[in-house]
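As provided, final-v1.cif (mmCIF, C-alpha atoms) reads as follows.
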data_data
#
loop_
_atom_site.group_PDB
_atom_site.id
_atom_site.type_symbol
_atom_site.label_atom_id
_atom_site.label_comp_id
_atom_site.auth_asym_id
_atom_site.auth_seq_id
_atom_site.Cartn_x
_atom_site.Cartn_y
_atom_site.Cartn_z
ATOM 1 C CA MET A 1 20.103 -35.301 22.407
ATOM 2 C CA GLY A 2 19.454 -31.549 22.146
ATOM 3 C CA TRP A 3 22.478 -31.003 19.894
ATOM 4 C CA ALA A 4 21.436 -33.907 17.699
ATOM 5 C CA LEU A 5 17.945 -32.450 17.251
ATOM 6 C CA LEU A 6 19.443 -29.050 16.490
ATOM 7 C CA GLY A 7 21.695 -30.631 13.866
ATOM 8 C CA VAL A 8 18.775 -32.426 12.233
ATOM 9 C CA GLY A 9 16.771 -29.194 12.275
ATOM 10 C CA VAL A 10 19.557 -27.195 10.642
ATOM 11 C CA LEU A 11 19.969 -29.904 7.988
ATOM 12 C CA LEU A 12 16.235 -29.929 7.293
ATOM 13 C CA VAL A 13 16.064 -26.130 6.988
ATOM 14 C CA TYR A 14 19.093 -26.162 4.699
ATOM 15 C CA THR A 15 17.525 -28.817 2.459
ATOM 16 C CA LEU A 16 14.204 -26.970 2.246
ATOM 17 C CA LEU A 17 15.913 -23.671 1.472
ATOM 18 C CA ARG A 18 18.232 -25.221 -1.095
ATOM 19 C CA HIS A 19 15.452 -26.885 -3.051
ATOM 20 C CA GLY A 20 12.908 -24.129 -2.477
ATOM 21 C CA LEU A 21 15.030 -21.131 -3.463
ATOM 22 C CA ARG A 22 16.892 -22.580 -6.425
ATOM 23 C CA SER A 23 15.319 -22.819 -9.856
ATOM 24 C CA ALA A 24 17.059 -25.629 -11.703
ATOM 25 C CA PRO A 25 16.567 -26.074 -15.438
ATOM 26 C CA ARG A 26 14.807 -29.304 -16.340
ATOM 27 C CA PRO A 27 16.926 -31.834 -18.217
ATOM 28 C CA HIS A 28 15.798 -32.355 -21.797
ATOM 29 C CA ALA A 29 15.795 -35.503 -23.871
ATOM 30 C CA ARG A 30 18.975 -35.512 -25.954
ATOM 31 C CA PRO A 31 19.345 -36.789 -29.516
ATOM 32 C CA GLU A 32 21.550 -39.678 -30.566
ATOM 33 C CA LEU A 33 25.028 -38.277 -31.342
ATOM 34 C CA ARG A 34 26.799 -41.388 -32.598
ATOM 35 C CA GLY A 35 29.145 -40.480 -35.450
ATOM 36 C CA ARG A 36 29.603 -36.907 -34.230
ATOM 37 C CA THR A 37 32.777 -35.519 -32.671
ATOM 38 C CA ALA A 38 32.850 -32.886 -29.925
ATOM 39 C CA ILE A 39 35.615 -30.953 -28.202
ATOM 40 C CA VAL A 40 34.927 -29.712 -24.668
ATOM 41 C CA THR A 41 37.519 -27.372 -23.171
ATOM 42 C CA GLY A 42 37.875 -27.572 -19.409
ATOM 43 C CA GLY A 43 36.220 -30.965 -19.558
ATOM 44 C CA SER A 44 37.872 -32.367 -16.430
ATOM 45 C CA SER A 45 35.538 -30.774 -13.861
ATOM 46 C CA GLY A 46 32.489 -28.598 -13.334
ATOM 47 C CA ILE A 47 30.195 -27.682 -16.220
ATOM 48 C CA GLY A 48 32.713 -28.982 -18.754
ATOM 49 C CA ALA A 49 32.824 -32.455 -17.222
ATOM 50 C CA ALA A 50 29.021 -32.581 -16.923
ATOM 51 C CA THR A 51 28.673 -31.501 -20.558
ATOM 52 C CA ALA A 52 31.254 -34.013 -21.774
ATOM 53 C CA LEU A 53 29.631 -36.794 -19.751
ATOM 54 C CA GLU A 54 26.207 -36.195 -21.291
ATOM 55 C CA LEU A 55 27.554 -35.861 -24.845
ATOM 56 C CA ALA A 56 29.412 -39.147 -24.377
ATOM 57 C CA ARG A 57 26.286 -40.842 -23.026
ATOM 58 C CA CYS A 58 24.519 -39.711 -26.211
ATOM 59 C CA GLY A 59 27.157 -41.572 -28.221
ATOM 60 C CA ALA A 60 29.404 -38.711 -29.371
ATOM 61 C CA ARG A 61 33.145 -39.042 -29.691
ATOM 62 C CA VAL A 62 34.324 -36.553 -27.053
ATOM 63 C CA ILE A 63 37.732 -34.908 -26.839
ATOM 64 C CA LEU A 64 38.475 -33.557 -23.370
ATOM 65 C CA ALA A 65 40.667 -30.525 -24.042
ATOM 66 C CA THR A 66 42.122 -29.747 -20.646
ATOM 67 C CA ARG A 67 45.298 -29.728 -18.583
ATOM 68 C CA SER A 68 44.429 -32.991 -16.839
ATOM 69 C CA ALA A 69 42.012 -35.862 -17.441
ATOM 70 C CA LEU A 70 39.685 -36.686 -14.543
ATOM 71 C CA LEU A 71 36.662 -38.042 -16.436
ATOM 72 C CA CYS A 72 36.969 -41.766 -17.104
ATOM 73 C CA PRO A 73 35.385 -43.362 -20.192
ATOM 74 C CA GLN A 74 33.924 -46.015 -17.889
ATOM 75 C CA GLU A 75 31.683 -43.343 -16.355
ATOM 76 C CA THR A 76 30.043 -42.732 -19.718
ATOM 77 C CA GLY A 77 29.722 -46.241 -21.105
ATOM 78 C CA ASN A 78 31.442 -44.835 -24.193
ATOM 79 C CA ASP A 79 35.010 -45.763 -25.116
ATOM 80 C CA GLU A 80 35.092 -42.870 -27.619
ATOM 81 C CA VAL A 81 36.233 -40.405 -24.934
ATOM 82 C CA ARG A 82 39.750 -39.066 -25.418
ATOM 83 C CA PHE A 83 42.002 -36.682 -23.509
ATOM 84 C CA MET A 84 44.207 -34.139 -25.298
ATOM 85 C CA HIS A 85 46.317 -31.695 -23.345
ATOM 86 C CA LEU A 86 45.333 -28.046 -23.671
ATOM 87 C CA ASP A 87 46.442 -25.083 -21.575
ATOM 88 C CA LEU A 88 44.575 -21.979 -22.707
ATOM 89 C CA ALA A 89 46.978 -19.797 -20.727
ATOM 90 C CA SER A 90 49.578 -20.647 -23.397
ATOM 91 C CA LEU A 91 48.970 -19.761 -27.046
ATOM 92 C CA ARG A 92 51.746 -22.214 -27.880
ATOM 93 C CA SER A 93 49.708 -24.968 -26.204
ATOM 94 C CA VAL A 94 46.585 -23.916 -28.135
ATOM 95 C CA ARG A 95 48.439 -24.205 -31.433
ATOM 96 C CA ALA A 96 49.931 -27.563 -30.444
ATOM 97 C CA PHE A 97 46.497 -28.898 -29.464
ATOM 98 C CA ALA A 98 44.921 -27.764 -32.739
ATOM 99 C CA SER A 99 47.754 -29.292 -34.756
ATOM 100 C CA THR A 100 47.468 -32.628 -32.923
ATOM 101 C CA PHE A 101 43.685 -32.694 -33.215
ATOM 102 C CA LEU A 102 43.697 -31.942 -36.942
ATOM 103 C CA LEU A 103 46.243 -34.698 -37.551
ATOM 104 C CA GLN A 104 44.446 -37.336 -35.475
ATOM 105 C CA GLU A 105 40.736 -36.533 -35.821
ATOM 106 C CA PRO A 106 39.026 -36.316 -39.234
ATOM 107 C CA HIS A 107 35.762 -34.786 -37.968
ATOM 108 C CA LEU A 108 34.555 -31.970 -35.725
ATOM 109 C CA HIS A 109 30.874 -31.148 -35.255
ATOM 110 C CA LEU A 110 30.719 -29.496 -31.827
ATOM 111 C CA LEU A 111 33.201 -27.125 -30.211
ATOM 112 C CA ILE A 112 32.283 -26.300 -26.613
ATOM 113 C CA ASN A 113 34.419 -23.368 -25.419
ATOM 114 C CA ASN A 114 33.783 -23.894 -21.720
ATOM 115 C CA ALA A 115 37.039 -23.506 -19.764
ATOM 116 C CA GLY A 116 37.314 -20.406 -17.616
ATOM 117 C CA VAL A 117 39.127 -18.817 -14.698
ATOM 118 C CA SER A 118 38.360 -15.929 -12.378
ATOM 119 C CA ALA A 119 41.839 -15.551 -10.874
ATOM 120 C CA GLY A 120 44.037 -12.586 -11.682
ATOM 121 C CA GLY A 121 47.534 -12.834 -13.082
ATOM 122 C CA THR A 122 49.484 -12.682 -16.308
ATOM 123 C CA THR A 123 50.112 -15.461 -18.819
ATOM 124 C CA GLU A 124 53.383 -16.479 -20.467
ATOM 125 C CA ASP A 125 52.167 -14.542 -23.518
ATOM 126 C CA GLY A 126 51.893 -11.330 -21.501
ATOM 127 C CA PHE A 127 48.104 -11.052 -21.373
ATOM 128 C CA SER A 128 45.801 -10.972 -18.377
ATOM 129 C CA LEU A 129 44.970 -14.510 -17.267
ATOM 130 C CA PRO A 130 41.141 -14.261 -17.396
ATOM 131 C CA PHE A 131 41.156 -12.512 -20.772
ATOM 132 C CA GLN A 132 43.446 -15.079 -22.349
ATOM 133 C CA VAL A 133 41.921 -18.244 -20.853
ATOM 134 C CA ASN A 134 38.303 -17.133 -21.131
ATOM 135 C CA HIS A 135 38.484 -15.409 -24.504
ATOM 136 C CA LEU A 136 41.761 -15.099 -26.393
ATOM 137 C CA GLY A 137 42.811 -18.764 -26.181
ATOM 138 C CA HIS A 138 39.339 -19.859 -27.259
ATOM 139 C CA PHE A 139 39.345 -17.318 -30.079
ATOM 140 C CA LEU A 140 42.599 -18.754 -31.441
ATOM 141 C CA LEU A 141 41.391 -22.339 -30.954
ATOM 142 C CA THR A 142 38.160 -21.640 -32.834
ATOM 143 C CA GLN A 143 39.985 -20.002 -35.721
ATOM 144 C CA LEU A 144 42.459 -22.863 -36.035
ATOM 145 C CA LEU A 145 39.608 -25.408 -36.127
ATOM 146 C CA LEU A 146 37.191 -23.384 -38.244
ATOM 147 C CA GLU A 147 37.933 -25.065 -41.565
ATOM 148 C CA ARG A 148 37.321 -28.478 -39.985
ATOM 149 C CA LEU A 149 34.020 -27.230 -38.568
ATOM 150 C CA ARG A 150 33.038 -25.945 -42.018
ATOM 151 C CA SER A 151 33.948 -29.195 -43.739
ATOM 152 C CA CYS A 152 31.813 -31.164 -41.228
ATOM 153 C CA ALA A 153 28.850 -28.765 -41.283
ATOM 154 C CA PRO A 154 26.262 -28.478 -39.978
ATOM 155 C CA SER A 155 28.368 -27.799 -36.921
ATOM 156 C CA ARG A 156 28.155 -25.623 -33.833
ATOM 157 C CA VAL A 157 30.332 -23.563 -31.522
ATOM 158 C CA VAL A 158 29.015 -22.990 -27.991
ATOM 159 C CA ILE A 159 30.771 -20.352 -25.888
ATOM 160 C CA VAL A 160 30.141 -20.398 -22.137
ATOM 161 C CA ALA A 161 29.719 -16.759 -21.188
ATOM 162 C CA SER A 162 28.032 -15.237 -18.131
ATOM 163 C CA SER A 163 25.572 -12.579 -17.064
ATOM 164 C CA ALA A 164 28.693 -10.902 -15.625
ATOM 165 C CA HIS A 165 29.144 -9.447 -19.108
ATOM 166 C CA CYS A 166 26.784 -6.706 -17.866
ATOM 167 C CA ALA A 167 29.745 -5.108 -16.053
ATOM 168 C CA GLY A 168 32.244 -5.668 -18.857
ATOM 169 C CA ARG A 169 34.140 -2.771 -20.408
ATOM 170 C CA LEU A 170 36.287 -3.457 -23.462
ATOM 171 C CA HIS A 171 38.648 -0.911 -24.998
ATOM 172 C CA PRO A 172 40.095 -2.097 -28.329
ATOM 173 C CA GLU A 173 43.323 -0.165 -27.788
ATOM 174 C CA SER A 174 44.089 -1.958 -24.510
ATOM 175 C CA LEU A 175 42.826 -5.521 -25.093
ATOM 176 C CA GLY A 176 44.578 -8.106 -22.956
ATOM 177 C CA ARG A 177 45.899 -5.670 -20.375
ATOM 178 C CA PRO A 178 44.707 -6.163 -16.795
ATOM 179 C CA PRO A 179 42.418 -3.316 -15.681
ATOM 180 C CA SER A 180 43.425 -1.154 -12.759
ATOM 181 C CA GLY A 181 41.504 -0.399 -9.587
ATOM 182 C CA LEU A 182 40.419 -2.032 -6.345
ATOM 183 C CA PHE A 183 38.257 -4.665 -8.042
ATOM 184 C CA SER A 184 40.527 -5.203 -11.041
ATOM 185 C CA THR A 185 40.319 -9.020 -10.934
ATOM 186 C CA PHE A 186 36.526 -8.971 -10.963
ATOM 187 C CA GLN A 187 36.544 -6.370 -13.744
ATOM 188 C CA ASP A 188 38.959 -8.520 -15.735
ATOM 189 C CA TYR A 189 36.586 -11.472 -15.441
ATOM 190 C CA CYS A 190 33.571 -9.385 -16.506
ATOM 191 C CA ASP A 191 35.517 -8.009 -19.477
ATOM 192 C CA SER A 192 36.359 -11.549 -20.611
ATOM 193 C CA LYS A 193 32.707 -12.577 -20.373
ATOM 194 C CA LEU A 194 31.660 -9.591 -22.488
ATOM 195 C CA ALA A 195 34.294 -10.731 -24.990
ATOM 196 C CA ASN A 196 32.616 -14.185 -25.029
ATOM 197 C CA VAL A 197 29.231 -12.692 -25.919
ATOM 198 C CA LEU A 198 30.719 -10.490 -28.649
ATOM 199 C CA HIS A 199 32.850 -13.341 -30.018
ATOM 200 C CA ALA A 200 29.746 -15.469 -30.561
ATOM 201 C CA ARG A 201 27.957 -12.563 -32.186
ATOM 202 C CA GLU A 202 30.748 -11.738 -34.621
ATOM 203 C CA LEU A 203 31.539 -15.374 -35.436
ATOM 204 C CA ALA A 204 27.897 -15.947 -36.370
ATOM 205 C CA THR A 205 27.967 -12.891 -38.628
ATOM 206 C CA ARG A 206 31.115 -14.033 -40.423
ATOM 207 C CA GLU A 207 29.932 -17.629 -40.810
ATOM 208 C CA GLN A 208 26.582 -16.852 -42.405
ATOM 209 C CA GLY A 209 26.009 -19.277 -45.252
ATOM 210 C CA THR A 210 28.542 -21.873 -44.041
ATOM 211 C CA GLN A 211 26.220 -23.889 -41.736
ATOM 212 C CA VAL A 212 28.588 -23.194 -38.832
ATOM 213 C CA THR A 213 26.478 -21.625 -36.091
ATOM 214 C CA CYS A 214 27.493 -20.169 -32.741
ATOM 215 C CA TYR A 215 25.793 -19.485 -29.419
ATOM 216 C CA ALA A 216 26.834 -17.667 -26.224
ATOM 217 C CA VAL A 217 25.479 -19.230 -23.053
ATOM 218 C CA HIS A 218 24.901 -18.068 -19.491
ATOM 219 C CA PRO A 219 24.621 -21.386 -17.609
ATOM 220 C CA GLY A 220 23.186 -19.794 -14.474
ATOM 221 C CA PHE A 221 24.875 -19.321 -11.139
ATOM 222 C CA VAL A 222 26.698 -22.609 -10.753
ATOM 223 C CA ASN A 223 28.683 -23.876 -7.777
ATOM 224 C CA THR A 224 31.974 -24.791 -9.459
ATOM 225 C CA SER A 225 35.679 -24.505 -8.683
ATOM 226 C CA LEU A 226 35.608 -21.077 -10.347
ATOM 227 C CA PHE A 227 34.997 -19.669 -6.859
ATOM 228 C CA ARG A 228 38.198 -21.063 -5.408
ATOM 229 C CA HIS A 229 39.905 -17.843 -6.508
ATOM 230 C CA ALA A 230 37.469 -15.564 -4.677
ATOM 231 C CA PRO A 231 39.108 -13.120 -2.222
ATOM 232 C CA LEU A 232 39.539 -14.560 1.270
ATOM 233 C CA TRP A 233 37.316 -11.877 2.791
ATOM 234 C CA LEU A 234 34.497 -12.811 0.391
ATOM 235 C CA LYS A 235 34.603 -16.593 0.780
ATOM 236 C CA PRO A 236 32.759 -16.773 4.162
ATOM 237 C CA LEU A 237 29.798 -15.041 2.501
ATOM 238 C CA LEU A 238 30.055 -16.484 -0.999
ATOM 239 C CA LEU A 239 30.585 -20.174 -0.277
ATOM 240 C CA PRO A 240 27.465 -20.721 1.900
ATOM 241 C CA LEU A 241 25.387 -18.842 -0.687
ATOM 242 C CA ALA A 242 26.878 -20.987 -3.448
ATOM 243 C CA TRP A 243 26.005 -24.219 -1.651
ATOM 244 C CA LEU A 244 22.546 -22.963 -0.758
ATOM 245 C CA LEU A 245 21.365 -21.197 -3.900
ATOM 246 C CA PHE A 246 23.583 -22.052 -6.853
ATOM 247 C CA LEU A 247 23.018 -24.848 -9.355
ATOM 248 C CA ASP A 248 25.253 -27.881 -9.422
ATOM 249 C CA ALA A 249 27.411 -28.527 -12.472
ATOM 250 C CA SER A 250 25.030 -30.989 -14.148
ATOM 251 C CA GLU A 251 22.183 -28.475 -13.855
ATOM 252 C CA GLY A 252 24.332 -25.666 -15.223
ATOM 253 C CA ALA A 253 25.320 -27.841 -18.183
ATOM 254 C CA GLN A 254 21.728 -28.143 -19.415
ATOM 255 C CA VAL A 255 21.614 -24.871 -21.369
ATOM 256 C CA VAL A 256 25.059 -25.633 -22.846
ATOM 257 C CA LEU A 257 23.732 -28.997 -24.005
ATOM 258 C CA ASP A 258 20.571 -27.365 -25.357
ATOM 259 C CA CYS A 259 22.616 -25.064 -27.590
ATOM 260 C CA ALA A 260 24.857 -27.949 -28.655
ATOM 261 C CA THR A 261 22.135 -30.447 -29.527
ATOM 262 C CA GLN A 262 18.683 -28.887 -29.858
ATOM 263 C CA GLU A 263 17.283 -28.925 -33.370
ATOM 264 C CA GLY A 264 16.140 -25.760 -35.126
ATOM 265 C CA LEU A 265 18.477 -23.240 -33.462
ATOM 266 C CA GLU A 266 20.278 -22.264 -36.674
ATOM 267 C CA PRO A 267 18.268 -19.029 -37.229
ATOM 268 C CA LEU A 268 19.337 -17.934 -33.727
ATOM 269 C CA SER A 269 23.084 -18.153 -34.407
ATOM 270 C CA GLY A 270 24.999 -15.456 -32.557
ATOM 271 C CA ARG A 271 22.381 -15.055 -29.867
ATOM 272 C CA TYR A 272 22.824 -15.136 -26.090
ATOM 273 C CA PHE A 273 21.045 -17.971 -24.250
ATOM 274 C CA THR A 274 20.036 -18.618 -20.657
ATOM 275 C CA ASP A 275 17.924 -21.432 -19.226
ATOM 276 C CA CYS A 276 14.925 -19.370 -20.374
ATOM 277 C CA GLY A 277 16.055 -19.513 -24.002
ATOM 278 C CA PRO A 278 17.437 -16.717 -26.190
ATOM 279 C CA GLN A 279 17.705 -13.415 -24.327
ATOM 280 C CA LEU A 280 18.789 -9.908 -25.225
ATOM 281 C CA PRO A 281 22.294 -9.318 -23.797
ATOM 282 C CA TRP A 282 23.225 -6.076 -22.071
ATOM 283 C CA PRO A 283 23.846 -3.162 -24.478
ATOM 284 C CA ALA A 284 27.606 -3.679 -24.778
ATOM 285 C CA GLY A 285 26.920 -7.308 -25.669
ATOM 286 C CA ARG A 286 24.990 -6.312 -28.790
ATOM 287 C CA ASP A 287 27.384 -3.610 -29.994
ATOM 288 C CA ASP A 288 28.333 -4.827 -33.483
ATOM 289 C CA ARG A 289 31.091 -2.261 -33.950
ATOM 290 C CA LEU A 290 32.690 -3.314 -30.663
ATOM 291 C CA ALA A 291 32.316 -6.974 -31.689
ATOM 292 C CA ARG A 292 34.169 -6.300 -34.931
ATOM 293 C CA ALA A 293 36.881 -4.291 -33.141
ATOM 294 C CA LEU A 294 37.304 -7.126 -30.613
ATOM 295 C CA TRP A 295 37.624 -9.661 -33.449
ATOM 296 C CA GLU A 296 40.244 -7.642 -35.298
ATOM 297 C CA GLY A 297 42.126 -6.881 -32.079
ATOM 298 C CA SER A 298 42.065 -10.551 -31.080
ATOM 299 C CA GLU A 299 43.415 -11.561 -34.498
ATOM 300 C CA ARG A 300 46.249 -9.122 -33.999
ATOM 301 C CA LEU A 301 47.074 -10.333 -30.497
ATOM 302 C CA VAL A 302 47.231 -14.021 -31.478
ATOM 303 C CA GLY A 303 49.074 -13.361 -34.730
ATOM 304 C CA LEU A 304 46.376 -14.191 -37.266
ATOM 305 C CA GLY A 305 46.133 -12.205 -40.494
ATOM 306 C CA MET A 306 43.162 -10.806 -42.364
ATOM 307 C CA ALA A 307 42.913 -14.003 -44.400
ATOM 308 C CA TRP A 308 41.158 -15.716 -41.494
ATOM 309 C CA GLY A 309 37.368 -15.694 -41.518
ATOM 310 C CA HIS A 310 35.017 -13.896 -43.866
ATOM 311 C CA GLN A 311 35.824 -10.228 -44.263
ATOM 312 C CA ASP A 312 33.208 -9.271 -46.861
ATOM 313 C CA GLY A 313 29.507 -8.731 -46.502
ATOM 314 C CA HIS A 314 29.680 -7.768 -42.820
ATOM 315 C CA GLN A 315 26.188 -7.111 -41.551
ATOM 316 C CA GLU A 316 25.052 -5.730 -38.222
ATOM 317 C CA GLY A 317 22.301 -7.256 -36.144
ATOM 318 C CA HIS A 318 20.972 -10.824 -35.977
ATOM 319 C CA GLU A 319 17.891 -12.464 -37.367
ATOM 320 C CA GLY A 320 15.122 -12.823 -34.839
ATOM 321 C CA GLU A 321 16.762 -10.566 -32.243
ATOM 322 C CA PRO A 322 14.415 -8.249 -30.356
ATOM 323 C CA THR A 323 14.867 -4.557 -30.972
ATOM 324 C CA ALA A 324 16.584 -2.794 -28.075
ATOM 325 C CA GLN A 325 14.390 -0.337 -26.254
#
How does the structure come out when it is put into structure tokens?
Amino acid sequence: MGWALLGVGVLLVYTLLRHGLRSAPRPHARPELRGRTAIVTGGSSGIGAATALELARCGARVILATRSALLCPQETGNDEVRFMHLDLASLRSVRAFASTFLLQEPHLHLLINNAGVSAGGTTEDGFSLPFQVNHLGHFLLTQLLLERLRSCAPSRVVIVASSAHCAGRLHPESLGRPPSGLFSTFQDYCDSKLANVLHARELATREQGTQVTCYAVHPGFVNTSLFRHAPLWLKPLLLPLAWLLFLDASEGAQVVLDCATQEGLEPLSGRYFTDCGPQLPWPAGRDDRLARALWEGSERLVGLGMAWGHQDGHQEGHEGEPTAQ
């Protein structure tokens, strides 16, 4: 009896702490999306699956761009949910996906660059795994689909970044190489998240006047499978904290969905969003020269020439952005 009471007490304390300490974003009413097509990378689990599920429930045609399909159309009540294989750790796979999509799908209105990894390693293309999956593969994918986004404008690109960009350090001369040091895997992840913020910023600059807008998003601290690659020594501390304090995937998807569907965000293209709305990123995340160097370096690494994107009229800064202090 005593052990049973203790168990109930622990469960009660856990529940109170979980709901008392977490601050979950409130779900918003979503617009009707029938007739619109969305791609969600990493749409088989976590934030990607929650985002895809909600877009499908709003009536959108949703392409799950992932290595495996776990979300069933029956869950959404929408038979316009399709799976297309995409492995962002392979630039060959990215090109194959884009080619297949462009042949089979006439429209694209929303591109949700969500997939991400935190594990270390090297890809078949010779780049660090987090940098390629989190940034470089998405950069190539976006460029290959950009003309379709322009032809279907108004359209949006949403890039799932992270507040971890605060610790990012990007060096244009060594892009794609794993950093050295004791915490190299964590640094690699932070670098890729800084690249996400800068990618959104530079894409917005280059797409001014096209009605293609772009937003970088920090979804909050979300309990997803991203943490399965945490070091063994860290898991006993991290996993209980994740279950206790972190948002679940559907809660983390809310700010992604806001940037994908909320009306009137066009003047804020290129900005960095959290569940509190547009926020000023850390200094490196608003460095326009670094953003341009990252863009040009990424083009070089994936084999795209200067013909891609708008090269003229490059302007620094973004409309409506607070001045850095």
Need the axis-aligned box for range 47-50 of chain A with 5 Å each side, so what are the centre and edges in Å to one decimal, as JSON?
{"center_x": 30.9, "center_y": -30.1, "center_z": -17.5, "size_x": 13.8, "size_y": 14.9, "size_z": 12.5}
Hits of the PyMOL selection byres ((chain A and resi 128) around 6) in this structure, as a PyMOL selection string: chain A and resi 121-122+127+129-131+176-178
Residue with smallest distance to Thr274 in chain A - pool A:Ser180, A:Thr210, A:Ser162, A:Ser68, counting all atoms listed in the file: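 Under the stated criterion, the closest residue is A:Ser162.
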Pick from A:Leu103, A:Leu146, A:Leu294, A:Ala119 nearest to Asn196 in chain A, counting all atoms listed in the file: A:Leu294
Ground truth for the PyMOL selection byres ((chain A and resi 153) around 8), written as number ranges by chain: A: 109, 149-152, 154-155, 210-212
Output check: residues returned by the PyMOL selection byres ((chain A and resi 99) around 12), as a ChimeraX atom specification: /A:84-86,92-98,100-105,141,144-145,148
A:Ile47, A:Ala38, A:Leu182, A:Leu140 ranked by distance to Trp295 in chain A, top pick (using all atoms listed in the file): A:Leu140
One-decimal distance in Å that lies between CA of Ile159 in chain A and CA of Val197 in chain A: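 Separation of CA of Val197 in chain A and CA of Ile159 in chain A: 7.8 Å.
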A:Gly305, A:Gly42, A:Gly168, A:Gly116 ranked by distance to His135 in chain A, top pick (using all atoms listed in the file):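 Checking each candidate against His135 in chain A, we get A:Gly116 as the closest.
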